[in-house]
Amino acid sequence: MKCLKFSLPLTKLVNRSILVFAMLLSGGACAEPSQSNHSVSGSFGTYERPFSARSYWNIRPVGARLGYFQIPDSRYHPLIGEGPYSSAAFLARQSDSPMKVYGRDAKKGLWELDGEQFVPSVTIANWPASTMPASGSDGHADIVDPSTGVIHSFLDLKKDGQGRWTASMYAWTRLDGRGWAEPAQYYQGARAAAVAPMAGLIRKHEVHDGKPMYSHALAVSLTYNALSGQTGYIFPATSTDRTFKKNSGKIPVGALLMLPETFDTSRISNPALRKVAETLKVYGAYVVDRNEGTPFYIYVENGSKFNLHKPKWNSEVAKDLKDIQKGLRQVMSVQSWVDGHGQAFNPKENLNMISMRGPWVKTSGNGTARFDTWSQSLIVSGSNQQSLFQHRNNRSFNSTNWGEMEAGKRYKLQLKSTEGAQMELKVMAREGNRVLFNSGWMRNGQAMVMQWPQDAGHTVLSVLKPKSNDNDPARVRALVYPLDTMLTSPLQSVEAMVR
């Protein structure tokens, strides 16, 4: 997997209080309704059941209208199972020792996906001794730490010749969050869709739980002749493979695939396969990645001992898998949704639109400025003079194709900062040096309503740290939330939302 968008910075682990501070500022935490008679047992936002009850992984559509494009045949048979390109989730405990993970490239370091930067290493506070990444070139592994509420996601995780853990890329997401990235923190996992590999994974403890279906949407990859070469990704995904134009199919990453209600699962004799098929009729599967030559690959957690062809190749299973391939369709619209507690609702989210990622350039003073992914803030350190830093490359906004700022719409701009640090936001015209919006210098706790201008081009963020004698680092974080409209799923029909 090679990612279309890059991002990440994380030189050191911050303590839990800062992480909690970051989560409180992140906004958009999904409220969970009270338990209903149709609920599924088990708590959400846990190692066993990751993400909110209103995460798109844990909700199911009602009245889905399916498209017509059929997944074509390819070099191999469809696959549901473990394997070198699947993954596993490893539970971290507070008694586990910390671990430093270095970059695979010793010179460049580790690519931090959210911050779009190389860092020498990242330190994980609690590292499970049982950690075993997938053996494929993607080398996926997720570390789940309930004590901090974080899923740490790695790409190409391996031990080097010195016995050190190394990886190519790193990202993180909230264990109790939405399970998908968002406009500000647009990369939250090592899959091409920018999600954690454990999202949608058929887990070890679910395989033999005696239930007729899995209680969440599944994760699936498609190959080149099924994936779209025109539209790289759609909501709720925030990224895709950067070589997506090599694809020749119709289905973008982020699409929800389902089997039609009329698909007859009763004729599937293999109970493990029938359970997956039932899930595909009710919850479906989100496209999260691209594979090499397999029509569809639904991921099962490594170590689950899930094998549809044991003790040998099963031609009946192969035929049923082919029938599922021919039956799967992209969901084009839905009438409504049911959350993880069994309650009907219309997903509406208010997501932060601005990131403090760099690069930041010092224009005066001393010290350094770096983006800290954990607190989603800019940290200015080593500065005892009045110091000014600027970010001009337009990576603060519009990191996703469905989360762009809209001309004429109103937004709330708010600043959170320490050590007296101030921030100024300017929105420049597409051409020339005209300033279309200027927030002026904002202080901690200050908020204002802004209207996104017509003909907006790039933005200029400036951060000013005042002179100080204690030399304590300053943290600066801006938040921008829409005021006129909340984010809804593009699949939701307008008629259903009005009702």
# chains A, B, ... in the order shown; residues from 1 in each chain; ligands from 1
>>> residues_around(residues="A:Ala369", least_positions_apart="5", cutoff="7 Å", atoms="only C-alpha atoms", output="number ranges by chain")
A: 360, 378-381
>>> residues_around(residues="A:Arg370", least_positions_apart="6", cutoff="10 Å", atoms="only C-alpha atoms", output="CSV table (one decimal) with N, CA, C and O atoms, in the first residue's frame")
chain,number,residue,atom,x,y,z
A,9,PRO,N,3.7,13.7,12.6
A,9,PRO,CA,4.8,14.2,13.3
A,9,PRO,C,4.7,13.7,14.7
A,9,PRO,O,3.7,14.0,15.4
A,10,LEU,N,5.6,13.1,15.3
A,10,LEU,CA,5.5,12.6,16.7
A,10,LEU,C,6.9,12.3,17.3
A,10,LEU,O,7.3,11.2,17.1
A,11,THR,N,7.5,13.3,17.9
A,11,THR,CA,8.9,13.0,18.3
A,11,THR,C,8.9,12.4,19.7
A,11,THR,O,9.8,11.7,20.1
A,115,GLY,N,0.8,14.3,10.6
A,115,GLY,CA,1.6,15.5,10.6
A,115,GLY,C,2.4,15.7,9.3
A,115,GLY,O,3.0,16.8,9.1
A,117,GLN,N,5.2,14.5,8.2
A,117,GLN,CA,6.6,14.8,8.4
A,117,GLN,C,7.3,13.5,8.9
A,117,GLN,O,6.7,12.6,9.4
A,356,MET,N,-3.1,22.0,12.6
A,356,MET,CA,-1.9,22.8,12.9
A,356,MET,C,-0.6,22.2,12.4
A,356,MET,O,0.5,22.6,12.7
A,357,ARG,N,-0.8,21.2,11.5
A,357,ARG,CA,0.4,20.6,10.9
A,357,ARG,C,1.3,21.6,10.1
A,357,ARG,O,0.7,22.6,9.6
A,358,GLY,N,2.5,21.4,9.9
A,358,GLY,CA,3.4,22.3,9.3
A,358,GLY,C,3.5,22.0,7.8
A,358,GLY,O,2.6,21.5,7.2
A,359,PRO,N,4.6,22.5,7.2
A,359,PRO,CA,5.8,23.0,7.9
A,359,PRO,C,5.7,24.4,8.4
A,359,PRO,O,5.0,25.2,7.7
A,360,TRP,N,6.3,24.7,9.5
A,360,TRP,CA,6.3,26.0,10.1
A,360,TRP,C,7.7,26.7,9.9
A,360,TRP,O,8.7,26.0,10.1
A,361,VAL,N,7.7,27.9,9.5
A,361,VAL,CA,9.0,28.7,9.2
A,361,VAL,C,9.1,29.8,10.3
A,361,VAL,O,8.2,30.5,10.5
A,377,SER,N,-1.7,20.1,18.3
A,377,SER,CA,-1.3,21.4,18.5
A,377,SER,C,0.1,21.7,18.0
A,377,SER,O,0.9,20.8,17.8
A,378,LEU,N,0.4,23.0,17.8
A,378,LEU,CA,1.8,23.4,17.6
A,378,LEU,C,2.5,23.7,18.9
A,378,LEU,O,1.9,24.3,19.8
A,379,ILE,N,3.7,23.1,19.0
A,379,ILE,CA,4.5,23.3,20.2
A,379,ILE,C,5.7,24.2,19.9
A,379,ILE,O,6.5,23.8,19.0
A,380,VAL,N,5.8,25.4,20.5
A,380,VAL,CA,6.9,26.2,20.4
A,380,VAL,C,7.8,26.1,21.6
A,380,VAL,O,7.4,26.3,22.7
A,381,SER,N,9.1,25.7,21.4
A,381,SER,CA,10.0,25.4,22.5
A,381,SER,C,11.3,26.1,22.3
A,381,SER,O,11.7,26.4,21.1
A,475,ARG,N,1.8,25.8,23.7
A,475,ARG,CA,1.0,25.0,22.9
A,475,ARG,C,-0.1,25.8,22.3
A,475,ARG,O,-0.7,26.6,22.9
>>> select_by_dssp(residues="stretch 155-202 of chain A", states="strand (DSSP E)", output="list in words")
Leu155, Lys158, Lys159, Trp165, Thr166, Ala167, Met169, Tyr170, Ala171, Trp172, Thr173 and Arg174 of chain A
>>> write_last_selection(atoms="N, CA and C atoms", output="PDB file, in the first residue's frame")
ATOM      1  N   LEU A 155       2.616   0.731   9.703  1.00  0.00           N
ATOM      2  CA  LEU A 155       2.823   0.109   8.399  1.00  0.00           C
ATOM      3  C   LEU A 155       4.263  -0.360   8.317  1.00  0.00           C
ATOM      4  N   LYS A 158       8.598  -4.034  11.578  1.00  0.00           N
ATOM      5  CA  LYS A 158       9.534  -5.162  11.603  1.00  0.00           C
ATOM      6  C   LYS A 158      10.640  -4.870  12.596  1.00  0.00           C
ATOM      7  N   LYS A 159      11.362  -5.924  12.980  1.00  0.00           N
ATOM      8  CA  LYS A 159      12.571  -5.751  13.780  1.00  0.00           C
ATOM      9  C   LYS A 159      13.770  -5.697  12.843  1.00  0.00           C
ATOM     10  N   TRP A 165      12.509  -2.354  16.966  1.00  0.00           N
ATOM     11  CA  TRP A 165      11.303  -2.257  16.156  1.00  0.00           C
ATOM     12  C   TRP A 165      11.423  -1.061  15.223  1.00  0.00           C
ATOM     13  N   THR A 166      11.088  -1.284  13.964  1.00  0.00           N
ATOM     14  CA  THR A 166      11.107  -0.223  12.964  1.00  0.00           C
ATOM     15  C   THR A 166       9.803  -0.260  12.168  1.00  0.00           C
ATOM     16  N   ALA A 167       9.446   0.854  11.551  1.00  0.00           N
ATOM     17  CA  ALA A 167       8.247   0.930  10.713  1.00  0.00           C
ATOM     18  C   ALA A 167       8.440   2.020   9.678  1.00  0.00           C
ATOM     19  N   MET A 169       5.589   3.829   8.479  1.00  0.00           N
ATOM     20  CA  MET A 169       4.585   4.855   8.747  1.00  0.00           C
ATOM     21  C   MET A 169       3.885   4.585  10.062  1.00  0.00           C
ATOM     22  N   TYR A 170       3.373   5.658  10.650  1.00  0.00           N
ATOM     23  CA  TYR A 170       2.640   5.562  11.919  1.00  0.00           C
ATOM     24  C   TYR A 170       1.460   6.529  11.906  1.00  0.00           C
ATOM     25  N   ALA A 171       0.356   6.107  12.513  1.00  0.00           N
ATOM     26  CA  ALA A 171      -0.798   6.980  12.736  1.00  0.00           C
ATOM     27  C   ALA A 171      -1.517   6.493  13.983  1.00  0.00           C
ATOM     28  N   TRP A 172      -2.439   7.308  14.462  1.00  0.00           N
ATOM     29  CA  TRP A 172      -3.208   6.906  15.643  1.00  0.00           C
ATOM     30  C   TRP A 172      -4.652   7.348  15.492  1.00  0.00           C
ATOM     31  N   THR A 173      -5.527   6.667  16.220  1.00  0.00           N
ATOM     32  CA  THR A 173      -6.933   7.035  16.232  1.00  0.00           C
ATOM     33  C   THR A 173      -7.495   6.751  17.609  1.00  0.00           C
ATOM     34  N   ARG A 174      -8.627   7.347  17.896  1.00  0.00           N
ATOM     35  CA  ARG A 174      -9.256   7.157  19.208  1.00  0.00           C
ATOM     36  C   ARG A 174     -10.004   5.828  19.257  1.00  0.00           C
TER      37      ARG A 174
END
>>> residues_around(residues="A:Gly139", least_positions_apart="5", cutoff="6 Å", atoms="only C-alpha atoms", output="list in words")
Pro133, Ala134, Leu155, Asp156 and Leu157 of chain A
>>> closest_residue(among="A:Asn398, A:Asn393, A:Gln422, A:Asn291", to="A:Thr459", atoms="only C-alpha atoms")
A:Asn393
>>> closest_residue(among="A:Pro197, A:Pro212, A:Pro98, A:Gly440", to="A:Glu278", atoms="only C-alpha atoms")
A:Pro212
>>> closest_residue(among="A:Asn350, A:Asp241, A:Leu222, A:Gly189", to="A:Ala255", atoms="only C-alpha atoms")
A:Leu222
>>> residues_around(residues="A:Leu479", least_positions_apart="6", cutoff="8 Å", atoms="only C-alpha atoms", output="JSON, numbers by chain")
{"A": [352, 353, 354, 355, 412, 413, 414, 415]}
>>> write_last_selection(atoms="N, CA and C atoms", output="compact mmCIF listing (two decimals), in the first residue's frame")
# COMPACT_ATOMS: atom_id res chain seq x y z
N ASN A 352 -13.89 19.10 13.23
CA ASN A 352 -12.91 20.18 13.12
C ASN A 352 -12.34 20.22 11.71
N MET A 353 -12.18 21.43 11.17
CA MET A 353 -11.76 21.60 9.77
C MET A 353 -10.31 22.05 9.63
N ILE A 354 -9.64 22.42 10.72
CA ILE A 354 -8.30 23.01 10.61
C ILE A 354 -7.27 22.16 11.35
N SER A 355 -6.11 22.01 10.75
CA SER A 355 -4.99 21.30 11.38
C SER A 355 -3.85 22.28 11.61
N LYS A 412 -17.10 28.75 13.06
CA LYS A 412 -16.62 29.26 14.35
C LYS A 412 -15.13 28.97 14.45
N LEU A 413 -14.33 30.02 14.63
CA LEU A 413 -12.88 29.90 14.80
C LEU A 413 -12.55 30.16 16.26
N GLN A 414 -11.83 29.23 16.86
CA GLN A 414 -11.50 29.35 18.28
C GLN A 414 -10.04 29.01 18.50
N LEU A 415 -9.41 29.65 19.50
CA LEU A 415 -8.00 29.39 19.80
C LEU A 415 -7.85 28.86 21.21
>>> closest_residue(among="A:Gly327, A:Gly457, A:Gly67, A:Pro466", to="A:Gln385", atoms="only C-alpha atoms")
A:Pro466
>>> residues_around(residues="A:Lys362", least_positions_apart="2", cutoff="10 Å", atoms="only C-alpha atoms", output="list in words")
Trp360, Ser364, Gly365, Asn366, Gly367, Thr368, Ala369, Ser387, Leu388, Phe389, Gln390, His391, Ser462 and Val463 of chain A
>>> residues_around(residues="A:Arg49", least_positions_apart="3", cutoff="12 Å", atoms="only C-alpha atoms", output="VMD selection string")
chain A and resid 40 to 46 52 to 53 55 57 to 58 89 144 146 175 to 177 179 198 to 206 214 to 217 340
>>> write_last_selection(atoms="N, CA and C atoms", output="mmCIF file, in the first residue's frame")
data_model
loop_
_atom_site.group_PDB
_atom_site.id
_atom_site.type_symbol
_atom_site.label_atom_id
_atom_site.label_comp_id
_atom_site.auth_asym_id
_atom_site.auth_seq_id
_atom_site.Cartn_x
_atom_site.Cartn_y
_atom_site.Cartn_z
ATOM 1 N N VAL A 40 -26.857 -4.771 20.820
ATOM 2 C CA VAL A 40 -25.899 -5.870 20.765
ATOM 3 C C VAL A 40 -25.056 -5.811 22.021
ATOM 4 N N SER A 41 -24.841 -6.940 22.662
ATOM 5 C CA SER A 41 -24.116 -6.956 23.926
ATOM 6 C C SER A 41 -22.681 -6.515 23.731
ATOM 7 N N GLY A 42 -22.096 -5.959 24.809
ATOM 8 C CA GLY A 42 -20.707 -5.531 24.766
ATOM 9 C C GLY A 42 -20.588 -4.026 24.699
ATOM 10 N N SER A 43 -19.589 -3.492 25.374
ATOM 11 C CA SER A 43 -19.387 -2.046 25.413
ATOM 12 C C SER A 43 -18.646 -1.577 24.174
ATOM 13 N N PHE A 44 -19.014 -0.408 23.701
ATOM 14 C CA PHE A 44 -18.331 0.185 22.567
ATOM 15 C C PHE A 44 -17.109 0.954 23.051
ATOM 16 N N GLY A 45 -16.198 1.214 22.116
ATOM 17 C CA GLY A 45 -14.988 1.941 22.473
ATOM 18 C C GLY A 45 -14.025 1.130 23.302
ATOM 19 N N THR A 46 -14.018 -0.191 23.087
ATOM 20 C CA THR A 46 -13.145 -1.090 23.839
ATOM 21 C C THR A 46 -12.290 -1.919 22.876
ATOM 22 N N SER A 52 -17.145 4.197 18.504
ATOM 23 C CA SER A 52 -18.433 4.599 19.056
ATOM 24 C C SER A 52 -19.575 3.755 18.499
ATOM 25 N N ALA A 53 -20.668 3.731 19.228
ATOM 26 C CA ALA A 53 -21.871 3.041 18.758
ATOM 27 C C ALA A 53 -22.441 3.696 17.516
ATOM 28 N N SER A 55 -20.303 5.050 15.185
ATOM 29 C CA SER A 55 -19.292 4.968 14.140
ATOM 30 C C SER A 55 -19.900 4.271 12.931
ATOM 31 N N TRP A 57 -18.646 2.099 11.336
ATOM 32 C CA TRP A 57 -18.343 0.671 11.446
ATOM 33 C C TRP A 57 -19.416 -0.073 12.233
ATOM 34 N N ASN A 58 -20.093 0.614 13.134
ATOM 35 C CA ASN A 58 -21.012 -0.052 14.047
ATOM 36 C C ASN A 58 -22.479 0.228 13.769
ATOM 37 N N ALA A 89 -4.860 -7.145 16.278
ATOM 38 C CA ALA A 89 -4.880 -6.099 17.293
ATOM 39 C C ALA A 89 -4.265 -6.646 18.569
ATOM 40 N N VAL A 144 -3.508 -1.539 20.817
ATOM 41 C CA VAL A 144 -4.679 -0.930 21.443
ATOM 42 C C VAL A 144 -4.371 -0.674 22.910
ATOM 43 N N PRO A 146 -6.080 0.819 26.083
ATOM 44 C CA PRO A 146 -7.282 1.376 26.725
ATOM 45 C C PRO A 146 -6.961 2.443 27.766
ATOM 46 N N LEU A 175 -9.832 5.112 20.329
ATOM 47 C CA LEU A 175 -10.511 3.831 20.508
ATOM 48 C C LEU A 175 -12.021 4.012 20.579
ATOM 49 N N ASP A 176 -12.469 5.137 21.115
ATOM 50 C CA ASP A 176 -13.909 5.390 21.239
ATOM 51 C C ASP A 176 -14.405 6.383 20.198
ATOM 52 N N GLY A 177 -13.627 6.608 19.148
ATOM 53 C CA GLY A 177 -13.966 7.624 18.159
ATOM 54 C C GLY A 177 -14.844 7.126 17.031
ATOM 55 N N GLY A 179 -13.903 6.022 14.104
ATOM 56 C CA GLY A 179 -13.359 4.894 13.347
ATOM 57 C C GLY A 179 -12.892 5.259 11.954
ATOM 58 N N MET A 198 -7.400 -2.679 12.089
ATOM 59 C CA MET A 198 -8.344 -3.456 12.894
ATOM 60 C C MET A 198 -9.784 -2.999 12.674
ATOM 61 N N ALA A 199 -9.996 -1.865 12.024
ATOM 62 C CA ALA A 199 -11.351 -1.400 11.742
ATOM 63 C C ALA A 199 -12.021 -2.368 10.772
ATOM 64 N N GLY A 200 -13.170 -2.908 11.157
ATOM 65 C CA GLY A 200 -13.899 -3.847 10.307
ATOM 66 C C GLY A 200 -13.331 -5.240 10.289
ATOM 67 N N LEU A 201 -12.242 -5.464 10.992
ATOM 68 C CA LEU A 201 -11.601 -6.776 11.015
ATOM 69 C C LEU A 201 -12.498 -7.790 11.719
ATOM 70 N N ILE A 202 -12.618 -8.991 11.151
ATOM 71 C CA ILE A 202 -13.280 -10.088 11.857
ATOM 72 C C ILE A 202 -12.319 -10.551 12.939
ATOM 73 N N ARG A 203 -12.701 -10.380 14.191
ATOM 74 C CA ARG A 203 -11.785 -10.589 15.313
ATOM 75 C C ARG A 203 -11.814 -12.035 15.813
ATOM 76 N N LYS A 204 -10.747 -12.412 16.492
ATOM 77 C CA LYS A 204 -10.613 -13.772 17.006
ATOM 78 C C LYS A 204 -11.799 -14.167 17.874
ATOM 79 N N HIS A 205 -12.180 -13.270 18.773
ATOM 80 C CA HIS A 205 -13.237 -13.615 19.727
ATOM 81 C C HIS A 205 -14.619 -13.645 19.094
ATOM 82 N N GLU A 206 -14.741 -13.191 17.844
ATOM 83 C CA GLU A 206 -16.041 -13.173 17.178
ATOM 84 C C GLU A 206 -16.295 -14.408 16.323
ATOM 85 N N TYR A 214 -21.775 -11.032 12.215
ATOM 86 C CA TYR A 214 -20.913 -10.120 12.957
ATOM 87 C C TYR A 214 -21.667 -8.816 13.171
ATOM 88 N N SER A 215 -21.421 -8.168 14.292
ATOM 89 C CA SER A 215 -22.226 -6.997 14.660
ATOM 90 C C SER A 215 -21.558 -5.687 14.241
ATOM 91 N N HIS A 216 -20.900 -5.696 13.104
ATOM 92 C CA HIS A 216 -20.280 -4.485 12.565
ATOM 93 C C HIS A 216 -20.023 -4.687 11.077
ATOM 94 N N ALA A 217 -19.789 -3.592 10.390
ATOM 95 C CA ALA A 217 -19.396 -3.688 8.984
ATOM 96 C C ALA A 217 -18.008 -4.302 8.889
ATOM 97 N N GLY A 340 -25.463 1.260 16.905
ATOM 98 C CA GLY A 340 -25.045 0.025 17.552
ATOM 99 C C GLY A 340 -25.927 -0.415 18.695
#
>>> closest_atom_pairs(of="stretch 299-358 of chain A", to="stretch 285-289 of chain A", cutoff="12 Å", atoms="only C-alpha atoms", output="Markdown table")
| residue | atom | partner | partner_atom | distance |
| --- | --- | --- | --- | --- |
| A:Tyr299 | CA | A:Ala285 | CA | 10.1 |
| A:Leu328 | CA | A:Ala285 | CA | 9.5 |
| A:Arg329 | CA | A:Ala285 | CA | 10.2 |
| A:Gln330 | CA | A:Tyr286 | CA | 9.4 |
| A:Val331 | CA | A:Tyr286 | CA | 10.0 |
>>> closest_residue(among="A:Val276, A:Val338, A:Ala474, A:Ala106", to="A:Glu419", atoms="only C-alpha atoms")
A:Ala474
>>> closest_residue(among="A:Asp470, A:Glu349, A:Asp455, A:Glu112", to="A:Asn384", atoms="only C-alpha atoms")
A:Asp470
>>> select_by_dssp(residues="stretch 209-279 of chain A", states="helix (DSSP H, G or I)", output="ChimeraX atom specification")
/A:244-246,265-267,271-279
>>> atom_distance(atom1="atom CA of A:Leu259", atom2="atom CA of A:Arg65")
10.7 Å
>>> residues_around(residues="A:Thr265", least_positions_apart="3", cutoff="7 Å", atoms="only C-alpha atoms", output="list in words")
Ile268, Arg274, Ala277 and Glu278 of chain A
>>> atom_distance(atom1="atom CA of A:Asn469", atom2="atom CA of A:Ser439")
28.4 Å
>>> decode(residues="stretch 171-192 of chain A", atoms="N, CA, C and O atoms", output="PDB file, in the first residue's frame")
ATOM      1  N   ALA A 171       0.356   6.107  12.513  1.00  0.00           N
ATOM      2  CA  ALA A 171      -0.798   6.980  12.736  1.00  0.00           C
ATOM      3  C   ALA A 171      -1.517   6.493  13.983  1.00  0.00           C
ATOM      4  O   ALA A 171      -1.261   5.392  14.478  1.00  0.00           O
ATOM      5  N   TRP A 172      -2.439   7.308  14.462  1.00  0.00           N
ATOM      6  CA  TRP A 172      -3.208   6.906  15.643  1.00  0.00           C
ATOM      7  C   TRP A 172      -4.652   7.348  15.492  1.00  0.00           C
ATOM      8  O   TRP A 172      -4.973   8.279  14.757  1.00  0.00           O
ATOM      9  N   THR A 173      -5.527   6.667  16.220  1.00  0.00           N
ATOM     10  CA  THR A 173      -6.933   7.035  16.232  1.00  0.00           C
ATOM     11  C   THR A 173      -7.495   6.751  17.609  1.00  0.00           C
ATOM     12  O   THR A 173      -6.909   5.999  18.399  1.00  0.00           O
ATOM     13  N   ARG A 174      -8.627   7.347  17.896  1.00  0.00           N
ATOM     14  CA  ARG A 174      -9.256   7.157  19.208  1.00  0.00           C
ATOM     15  C   ARG A 174     -10.004   5.828  19.257  1.00  0.00           C
ATOM     16  O   ARG A 174     -10.757   5.490  18.339  1.00  0.00           O
ATOM     17  N   LEU A 175      -9.832   5.112  20.329  1.00  0.00           N
ATOM     18  CA  LEU A 175     -10.511   3.831  20.508  1.00  0.00           C
ATOM     19  C   LEU A 175     -12.021   4.012  20.579  1.00  0.00           C
ATOM     20  O   LEU A 175     -12.778   3.147  20.132  1.00  0.00           O
ATOM     21  N   ASP A 176     -12.469   5.137  21.115  1.00  0.00           N
ATOM     22  CA  ASP A 176     -13.909   5.390  21.239  1.00  0.00           C
ATOM     23  C   ASP A 176     -14.405   6.383  20.198  1.00  0.00           C
ATOM     24  O   ASP A 176     -15.486   6.953  20.335  1.00  0.00           O
ATOM     25  N   GLY A 177     -13.627   6.608  19.148  1.00  0.00           N
ATOM     26  CA  GLY A 177     -13.966   7.624  18.159  1.00  0.00           C
ATOM     27  C   GLY A 177     -14.844   7.126  17.031  1.00  0.00           C
ATOM     28  O   GLY A 177     -15.495   6.081  17.127  1.00  0.00           O
ATOM     29  N   ARG A 178     -14.811   7.847  15.920  1.00  0.00           N
ATOM     30  CA  ARG A 178     -15.699   7.546  14.794  1.00  0.00           C
ATOM     31  C   ARG A 178     -15.168   6.416  13.920  1.00  0.00           C
ATOM     32  O   ARG A 178     -15.879   5.905  13.054  1.00  0.00           O
ATOM     33  N   GLY A 179     -13.903   6.022  14.104  1.00  0.00           N
ATOM     34  CA  GLY A 179     -13.359   4.894  13.347  1.00  0.00           C
ATOM     35  C   GLY A 179     -12.892   5.259  11.954  1.00  0.00           C
ATOM     36  O   GLY A 179     -12.359   4.422  11.233  1.00  0.00           O
ATOM     37  N   TRP A 180     -13.081   6.493  11.569  1.00  0.00           N
ATOM     38  CA  TRP A 180     -12.640   7.031  10.296  1.00  0.00           C
ATOM     39  C   TRP A 180     -11.961   8.366  10.571  1.00  0.00           C
ATOM     40  O   TRP A 180     -12.239   9.009  11.585  1.00  0.00           O
ATOM     41  N   ALA A 181     -11.097   8.780   9.675  1.00  0.00           N
ATOM     42  CA  ALA A 181     -10.421  10.058   9.862  1.00  0.00           C
ATOM     43  C   ALA A 181     -11.382  11.206   9.550  1.00  0.00           C
ATOM     44  O   ALA A 181     -12.547  10.996   9.193  1.00  0.00           O
ATOM     45  N   GLU A 182     -10.889  12.440   9.681  1.00  0.00           N
ATOM     46  CA  GLU A 182     -11.739  13.612   9.528  1.00  0.00           C
ATOM     47  C   GLU A 182     -10.943  14.721   8.845  1.00  0.00           C
ATOM     48  O   GLU A 182      -9.741  14.578   8.615  1.00  0.00           O
ATOM     49  N   PRO A 183     -11.580  15.846   8.512  1.00  0.00           N
ATOM     50  CA  PRO A 183     -10.865  16.867   7.738  1.00  0.00           C
ATOM     51  C   PRO A 183      -9.574  17.376   8.371  1.00  0.00           C
ATOM     52  O   PRO A 183      -8.597  17.624   7.669  1.00  0.00           O
ATOM     53  N   ALA A 184      -9.536  17.537   9.689  1.00  0.00           N
ATOM     54  CA  ALA A 184      -8.319  18.039  10.333  1.00  0.00           C
ATOM     55  C   ALA A 184      -7.285  16.925  10.467  1.00  0.00           C
ATOM     56  O   ALA A 184      -6.217  16.968   9.864  1.00  0.00           O
ATOM     57  N   GLN A 185      -7.598  15.916  11.243  1.00  0.00           N
ATOM     58  CA  GLN A 185      -6.702  14.759  11.408  1.00  0.00           C
ATOM     59  C   GLN A 185      -7.112  13.718  10.361  1.00  0.00           C
ATOM     60  O   GLN A 185      -7.768  12.738  10.656  1.00  0.00           O
ATOM     61  N   TYR A 186      -6.668  13.933   9.148  1.00  0.00           N
ATOM     62  CA  TYR A 186      -7.238  13.181   8.032  1.00  0.00           C
ATOM     63  C   TYR A 186      -6.602  11.810   7.819  1.00  0.00           C
ATOM     64  O   TYR A 186      -7.055  11.046   6.963  1.00  0.00           O
ATOM     65  N   TYR A 187      -5.553  11.482   8.550  1.00  0.00           N
ATOM     66  CA  TYR A 187      -4.949  10.148   8.422  1.00  0.00           C
ATOM     67  C   TYR A 187      -4.840   9.523   9.801  1.00  0.00           C
ATOM     68  O   TYR A 187      -4.067   9.977  10.632  1.00  0.00           O
ATOM     69  N   GLN A 188      -5.630   8.473  10.047  1.00  0.00           N
ATOM     70  CA  GLN A 188      -5.706   7.894  11.386  1.00  0.00           C
ATOM     71  C   GLN A 188      -5.444   6.392  11.397  1.00  0.00           C
ATOM     72  O   GLN A 188      -5.780   5.706  12.368  1.00  0.00           O
ATOM     73  N   GLY A 189      -4.831   5.862  10.353  1.00  0.00           N
ATOM     74  CA  GLY A 189      -4.514   4.441  10.334  1.00  0.00           C
ATOM     75  C   GLY A 189      -3.711   4.092   9.107  1.00  0.00           C
ATOM     76  O   GLY A 189      -3.571   4.904   8.186  1.00  0.00           O
ATOM     77  N   ALA A 190      -3.177   2.871   9.074  1.00  0.00           N
ATOM     78  CA  ALA A 190      -2.211   2.490   8.043  1.00  0.00           C
ATOM     79  C   ALA A 190      -2.822   1.867   6.797  1.00  0.00           C
ATOM     80  O   ALA A 190      -2.099   1.492   5.880  1.00  0.00           O
ATOM     81  N   ARG A 191      -4.141   1.715   6.742  1.00  0.00           N
ATOM     82  CA  ARG A 191      -4.773   1.267   5.510  1.00  0.00           C
ATOM     83  C   ARG A 191      -4.828   2.417   4.500  1.00  0.00           C
ATOM     84  O   ARG A 191      -4.729   3.584   4.861  1.00  0.00           O
ATOM     85  N   ALA A 192      -5.018   2.092   3.226  1.00  0.00           N
ATOM     86  CA  ALA A 192      -5.079   3.123   2.189  1.00  0.00           C
ATOM     87  C   ALA A 192      -6.200   4.116   2.443  1.00  0.00           C
ATOM     88  O   ALA A 192      -6.094   5.289   2.107  1.00  0.00           O
TER      89      ALA A 192
END
